[in-house]
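Source file: upload.txt (compact mmCIF, C-alpha atoms)
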```
# COMPACT_ATOMS: atom_id res chain seq x y z
CA MET X 27 13.24 98.40 21.76
CA THR X 28 15.35 95.28 21.61
CA THR X 29 14.12 91.76 20.88
CA TYR X 30 15.97 88.62 21.95
CA THR X 31 14.99 85.11 20.90
CA LEU X 32 15.93 82.60 23.60
CA ALA X 33 15.28 78.90 24.10
CA GLY X 34 15.74 77.38 27.54
CA GLY X 35 13.45 74.38 27.77
CA CYS X 36 9.69 74.78 27.97
CA PHE X 37 8.68 78.22 26.72
CA TRP X 38 6.03 78.50 29.43
CA CYS X 39 8.81 78.93 32.03
CA LEU X 40 10.67 81.70 30.25
CA ASP X 41 7.42 83.45 29.36
CA ALA X 42 6.24 83.43 32.98
CA VAL X 43 9.44 84.94 34.37
CA TYR X 44 9.97 87.61 31.72
CA ARG X 45 6.37 88.83 31.94
CA ARG X 46 7.19 89.92 35.48
CA ILE X 47 10.20 92.07 34.57
CA ASN X 48 9.94 95.86 34.39
CA GLY X 49 10.81 97.10 30.93
CA VAL X 50 9.67 93.95 29.13
CA ASN X 51 6.96 95.06 26.75
CA LYS X 52 6.12 91.88 24.86
CA ILE X 53 6.66 88.14 25.11
CA VAL X 54 5.79 85.71 22.34
CA SER X 55 6.21 81.96 22.79
CA GLY X 56 7.05 80.08 19.63
CA TYR X 57 9.31 77.82 17.63
CA THR X 58 12.60 78.44 15.83
CA GLY X 59 15.71 76.69 14.62
CA GLY X 60 14.03 73.89 12.71
CA GLN X 61 13.38 72.84 9.16
CA VAL X 62 9.57 72.69 8.94
CA ASP X 63 7.50 75.73 7.95
CA ASN X 64 4.70 76.75 10.34
CA PRO X 65 5.12 73.81 12.72
CA SER X 66 2.44 72.93 15.24
CA TYR X 67 3.09 72.17 18.90
CA GLU X 68 2.30 68.53 18.21
CA GLN X 69 4.96 68.41 15.48
CA VAL X 70 7.60 70.25 17.53
CA SER X 71 6.97 68.11 20.61
CA THR X 72 8.07 64.99 18.69
CA GLY X 73 11.54 66.51 18.25
CA ALA X 74 11.42 65.66 14.53
CA THR X 75 11.14 69.24 13.21
CA GLY X 76 14.41 70.47 14.73
CA HIS X 77 12.69 73.47 16.31
CA ALA X 78 13.31 74.66 19.84
CA GLU X 79 10.56 76.00 22.06
CA ALA X 80 11.61 79.64 22.40
CA VAL X 81 10.42 83.06 23.45
CA GLN X 82 10.88 86.41 21.82
CA ILE X 83 11.36 89.03 24.50
CA THR X 84 10.92 92.66 23.48
CA PHE X 85 12.22 95.09 26.07
CA ASP X 86 13.26 98.68 26.58
CA GLU X 87 16.99 98.88 27.35
CA GLN X 88 16.37 102.26 29.03
CA ALA X 89 14.19 100.46 31.59
CA VAL X 90 16.05 97.15 31.97
CA PRO X 91 19.62 96.46 30.88
CA ALA X 92 20.22 93.75 28.30
CA ASP X 93 22.58 92.03 30.75
CA VAL X 94 19.69 91.55 33.19
CA ILE X 95 17.57 89.89 30.49
CA LEU X 96 20.43 87.59 29.51
CA ASP X 97 21.62 86.79 33.03
CA LEU X 98 18.05 85.90 34.02
CA PHE X 99 17.97 83.47 31.11
CA PHE X 100 20.96 81.59 32.53
CA LEU X 101 19.54 81.70 36.06
CA ILE X 102 16.15 80.16 35.24
CA HIS X 103 17.26 77.22 33.11
CA ASP X 104 20.14 74.77 33.16
CA PRO X 105 22.38 75.58 30.19
CA THR X 106 24.66 72.61 30.93
CA THR X 107 22.31 69.79 29.92
CA PRO X 108 22.11 69.12 26.19
CA ASN X 109 18.55 68.77 24.91
CA ARG X 110 17.05 68.58 28.37
CA GLN X 111 15.45 70.68 31.11
CA GLY X 112 14.45 68.52 34.06
CA ASN X 113 11.96 65.92 32.83
CA ASP X 114 11.57 67.68 29.47
CA VAL X 115 13.85 65.80 27.07
CA GLY X 116 14.48 66.36 23.36
CA THR X 117 16.03 68.86 20.97
CA GLN X 118 12.97 71.08 21.35
CA TYR X 119 14.12 71.75 24.95
CA ARG X 120 17.70 72.71 24.12
CA SER X 121 19.46 75.77 25.46
CA ALA X 122 19.89 78.14 22.52
CA MET X 123 20.17 81.80 21.64
CA PHE X 124 19.15 83.12 18.22
CA TYR X 125 20.74 86.41 17.20
CA ASN X 126 19.51 89.10 14.80
CA ASP X 127 22.85 90.82 14.21
CA ASP X 128 26.53 90.72 15.15
CA ASN X 129 25.95 92.91 18.22
CA GLN X 130 23.45 90.42 19.63
CA LYS X 131 25.79 87.55 18.83
CA MET X 132 28.54 89.26 20.82
CA ASP X 133 26.13 90.02 23.72
CA PHE X 134 25.09 86.36 23.76
CA GLN X 135 28.71 85.16 23.77
CA MET X 136 29.52 87.45 26.71
CA ALA X 137 26.40 86.21 28.57
CA ILE X 138 27.52 82.61 28.15
CA GLU X 139 30.93 83.55 29.54
CA ARG X 140 29.30 85.22 32.57
CA SER X 141 27.07 82.19 33.11
CA LYS X 142 30.08 79.92 33.62
CA SER X 143 30.45 81.37 37.11
CA TYR X 144 26.91 80.21 38.04
CA TRP X 145 27.28 76.56 37.01
CA ASP X 146 29.72 73.77 37.87
CA ASP X 147 29.50 72.29 34.35
CA ILE X 148 30.22 74.07 31.08
CA PRO X 149 27.22 75.61 29.26
CA VAL X 150 26.17 73.84 26.04
CA THR X 151 24.02 76.76 24.91
CA THR X 152 24.21 77.23 21.15
CA ILE X 153 24.26 80.58 19.38
CA THR X 154 22.64 80.58 15.95
CA LYS X 155 21.51 83.20 13.45
CA LEU X 156 17.74 83.67 13.74
CA GLU X 157 16.06 82.60 10.53
CA THR X 158 12.33 82.31 11.11
CA PHE X 159 10.35 82.49 14.33
CA TYR X 160 6.87 80.95 14.34
CA PRO X 161 4.53 82.08 17.13
CA ALA X 162 3.05 79.17 19.06
CA GLU X 163 -0.67 78.54 19.25
CA ASP X 164 -2.70 81.06 21.28
CA TYR X 165 -3.18 78.72 24.24
CA HIS X 166 0.61 78.72 24.82
CA GLN X 167 0.83 82.52 25.12
CA ASP X 168 0.94 83.67 28.77
CA TYR X 169 0.25 80.07 29.77
CA PHE X 170 1.24 80.40 33.42
CA ASN X 171 -1.08 83.32 34.14
CA LYS X 172 -3.96 81.65 32.29
CA ASN X 173 -3.49 78.27 34.02
CA PRO X 174 -2.39 78.92 37.61
CA GLY X 175 -3.84 75.62 38.86
CA ASN X 176 -1.91 73.50 36.37
CA GLY X 177 0.43 71.07 38.17
CA TYR X 178 3.39 71.83 35.86
CA CYS X 179 2.96 75.53 36.63
CA SER X 180 2.99 74.92 40.37
CA VAL X 181 5.84 72.42 40.47
CA VAL X 182 8.16 73.69 37.73
CA ILE X 183 7.39 77.32 36.89
CA THR X 184 6.62 78.83 40.30
CA PRO X 185 10.06 77.92 41.73
CA LYS X 186 11.72 79.59 38.73
CA ILE X 187 9.74 82.77 39.35
CA VAL X 188 10.67 82.69 43.04
CA LYS X 189 14.36 82.15 42.19
CA ALA X 190 14.35 84.98 39.65
CA ARG X 191 12.53 87.35 42.00
CA SER X 192 14.99 86.57 44.77
CA ALA X 193 17.99 87.36 42.56
CA TYR X 194 16.50 90.26 40.59
CA ALA X 195 13.86 91.78 42.91
CA LYS X 196 14.74 95.27 41.73
CA TRP X 197 13.50 94.44 38.23
CA PHE X 198 10.25 92.65 39.17
CA LYS X 199 6.84 94.24 38.57
CA ASP X 200 5.09 92.44 41.42
```
For this file, write the structure as structure tokens.
Amino acid sequence: MTTYTLAGGCFWCLDAVYRRINGVNKIVSGYTGGQVDNPSYEQVSTGATGHAEAVQITFDEQAVPADVILDLFFLIHDPTTPNRQGNDVGTQYRSAMFYNDDNQKMDFQMAIERSKSYWDDIPVTTITKLETFYPAEDYHQDYFNKNPGNGYCSVVITPKIVKARSAYAKWFKD
């Protein structure tokens, strides 16, 4: 099993897409890259802690290639806008990749290079050594599936799922 820690705006979006991918065994929404121990959502949402909303994606590389996981990441968020995804603004919504070892760092660098062909502007995605990952509160885990009637889910997340399914149908569970 491989685990990637990725931040691409609101963690609900990444969580919702990756839960639908064959070979993904576990998704945990949380916070990383900041300077406060055990931050709460309320603290992170102010932007003052330095944390990014992120997901840890644990997957089986025999079932889904790492390139698919990483290319999906660049498909479902805009890596060219610093500290912003749509109406979500602040450092907590930055595009970032947090590596565990030098192999992951290299994989992330190659994924950023590949992503340049998808976007007109240059990616601003940062690559940083993973220090500590703090799981988010329970109500954030699997948010989309638990709150299908939520307006944010309908307007923001559903189109990302549709886009990902269209591009990577072979890898989708449903």
Between X:Asp133, X:Met27, X:Gln118, X:Tyr125, which is the closest to X:Phe85 once you count all atoms listed in the file?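 Answer, going by the shortest atom-to-atom distance: X:Met27.
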Just want the 12 Å neighbourhood of X:Gln69, counted on only C-alpha atoms, with same-chain residues fewer than 3 positions away dropped. Output as JSON, numbers by chain. {"X": [57, 60, 61, 62, 63, 64, 65, 66, 72, 73, 74, 75, 76, 77, 78, 79, 118, 162]}
Please measure the separation of atom CA of X:Leu98 and atom CA of X:Ser55, giving the value in Å to one decimal. 16.8 Å
What does the structure give for the distance between atom CA of X:Gly56 and atom CA of X:Thr184, in Å to one decimal?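 Atom CA of X:Gly56 sits 20.7 Å away from atom CA of X:Thr184.
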Determine, for each residue of stretch 42-157 of chain X having at least one atom at most 12 Å from an atom of stretch 163-179 of chain X, the closest pair of atoms and their separation in Å to one decimal, counting all atoms listed in the file; order by chain and ascending number, as JSON lines.
```
{"residue": "X:Ala42", "atom": "CA", "partner": "X:Phe170", "partner_atom": "CA", "distance": 5.9}
{"residue": "X:Val43", "atom": "CA", "partner": "X:Phe170", "partner_atom": "CA", "distance": 9.4}
{"residue": "X:Tyr44", "atom": "CA", "partner": "X:Asp168", "partner_atom": "CA", "distance": 10.3}
{"residue": "X:Arg45", "atom": "CA", "partner": "X:Asp168", "partner_atom": "CA", "distance": 8.1}
{"residue": "X:Arg46", "atom": "CA", "partner": "X:Asn171", "partner_atom": "CA", "distance": 10.7}
{"residue": "X:Lys52", "atom": "CA", "partner": "X:Asp168", "partner_atom": "CA", "distance": 10.5}
{"residue": "X:Ile53", "atom": "CA", "partner": "X:Gln167", "partner_atom": "CA", "distance": 8.1}
{"residue": "X:Val54", "atom": "CA", "partner": "X:Gln167", "partner_atom": "CA", "distance": 6.5}
{"residue": "X:Ser55", "atom": "CA", "partner": "X:Gln167", "partner_atom": "CA", "distance": 5.9}
{"residue": "X:Gly56", "atom": "CA", "partner": "X:Glu163", "partner_atom": "CA", "distance": 7.9}
{"residue": "X:Tyr57", "atom": "CA", "partner": "X:Glu163", "partner_atom": "CA", "distance": 10.1}
{"residue": "X:Asn64", "atom": "CA", "partner": "X:Glu163", "partner_atom": "CA", "distance": 10.6}
{"residue": "X:Pro65", "atom": "CA", "partner": "X:Glu163", "partner_atom": "CA", "distance": 9.9}
{"residue": "X:Ser66", "atom": "CA", "partner": "X:Glu163", "partner_atom": "CA", "distance": 7.6}
{"residue": "X:Tyr67", "atom": "CA", "partner": "X:Glu163", "partner_atom": "CA", "distance": 7.4}
{"residue": "X:Glu68", "atom": "CA", "partner": "X:Glu163", "partner_atom": "CA", "distance": 10.5}
{"residue": "X:Val70", "atom": "CA", "partner": "X:Glu163", "partner_atom": "CA", "distance": 11.8}
{"residue": "X:Glu79", "atom": "CA", "partner": "X:His166", "partner_atom": "CA", "distance": 10.7}
{"residue": "X:Ala80", "atom": "CA", "partner": "X:His166", "partner_atom": "CA", "distance": 11.3}
{"residue": "X:Val81", "atom": "CA", "partner": "X:Gln167", "partner_atom": "CA", "distance": 9.7}
{"residue": "X:Gln82", "atom": "CA", "partner": "X:Gln167", "partner_atom": "CA", "distance": 11.3}
{"residue": "X:Gly112", "atom": "CA", "partner": "X:Tyr178", "partner_atom": "CA", "distance": 11.7}
{"residue": "X:Asn113", "atom": "CA", "partner": "X:Tyr178", "partner_atom": "CA", "distance": 10.8}
{"residue": "X:Asp114", "atom": "CA", "partner": "X:Tyr178", "partner_atom": "CA", "distance": 11.2}
```
I'd like a table as CSV: residues in stretch 141-194 of chain X with an atom no more than 7 Å from stretch 99-102 of chain X, each row giving the shortest atom pair and its distance in Å to one decimal, all atoms listed in the file counted, sorted by chain and rising residue number.
```
residue,atom,partner,partner_atom,distance
X:Ser141,CA,X:Phe100,CA,6.2
X:Lys186,CA,X:Ile102,CA,5.7
X:Ala190,CA,X:Ile102,CA,6.8
```
Could you pull the residues within 8 Å of stretch 144-150 of chain X, counting all atoms listed in the file, minus those fewer than 2 positions along the same chain, as a PyMOL selection string? chain X and resi 101+105-108+121+138+140-142+152
Just give me the gap between atom CA of X:Tyr119 and atom CA of X:Phe134 in Å, one decimal is fine.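 About the pair atom CA of X:Tyr119 and atom CA of X:Phe134: they are 18.3 Å apart.
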Non-local contacts of X:Gly49 (10 Å; only C-alpha atoms; under 5 positions in same chain excluded) as number ranges by chain: X: 27, 44, 84-91, 95, 197-199
Of the candidates X:Thr117, X:Asp97, X:Ile47, X:Ala92, which shows the shortest atom-to-atom distance to X:Asn129, using all atoms listed in the file?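 Closest residue, counting all atoms listed in the file: X:Ala92.
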Under the rule that all atoms listed in the file are counted, which of X:Arg110, X:Lys155, X:Lys189, X:Lys196 is the nearest residue to X:Leu32?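 Going through X:Arg110, X:Lys155, X:Lys189, X:Lys196 one by one, the smallest distance to X:Leu32 is for X:Lys155.
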So, counting only C-alpha atoms, which residue among X:Asp93, X:Asp41, X:Ala137, X:Gly59 is closest to X:Tyr194?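 The answer is X:Asp93, which sits nearest to X:Tyr194.
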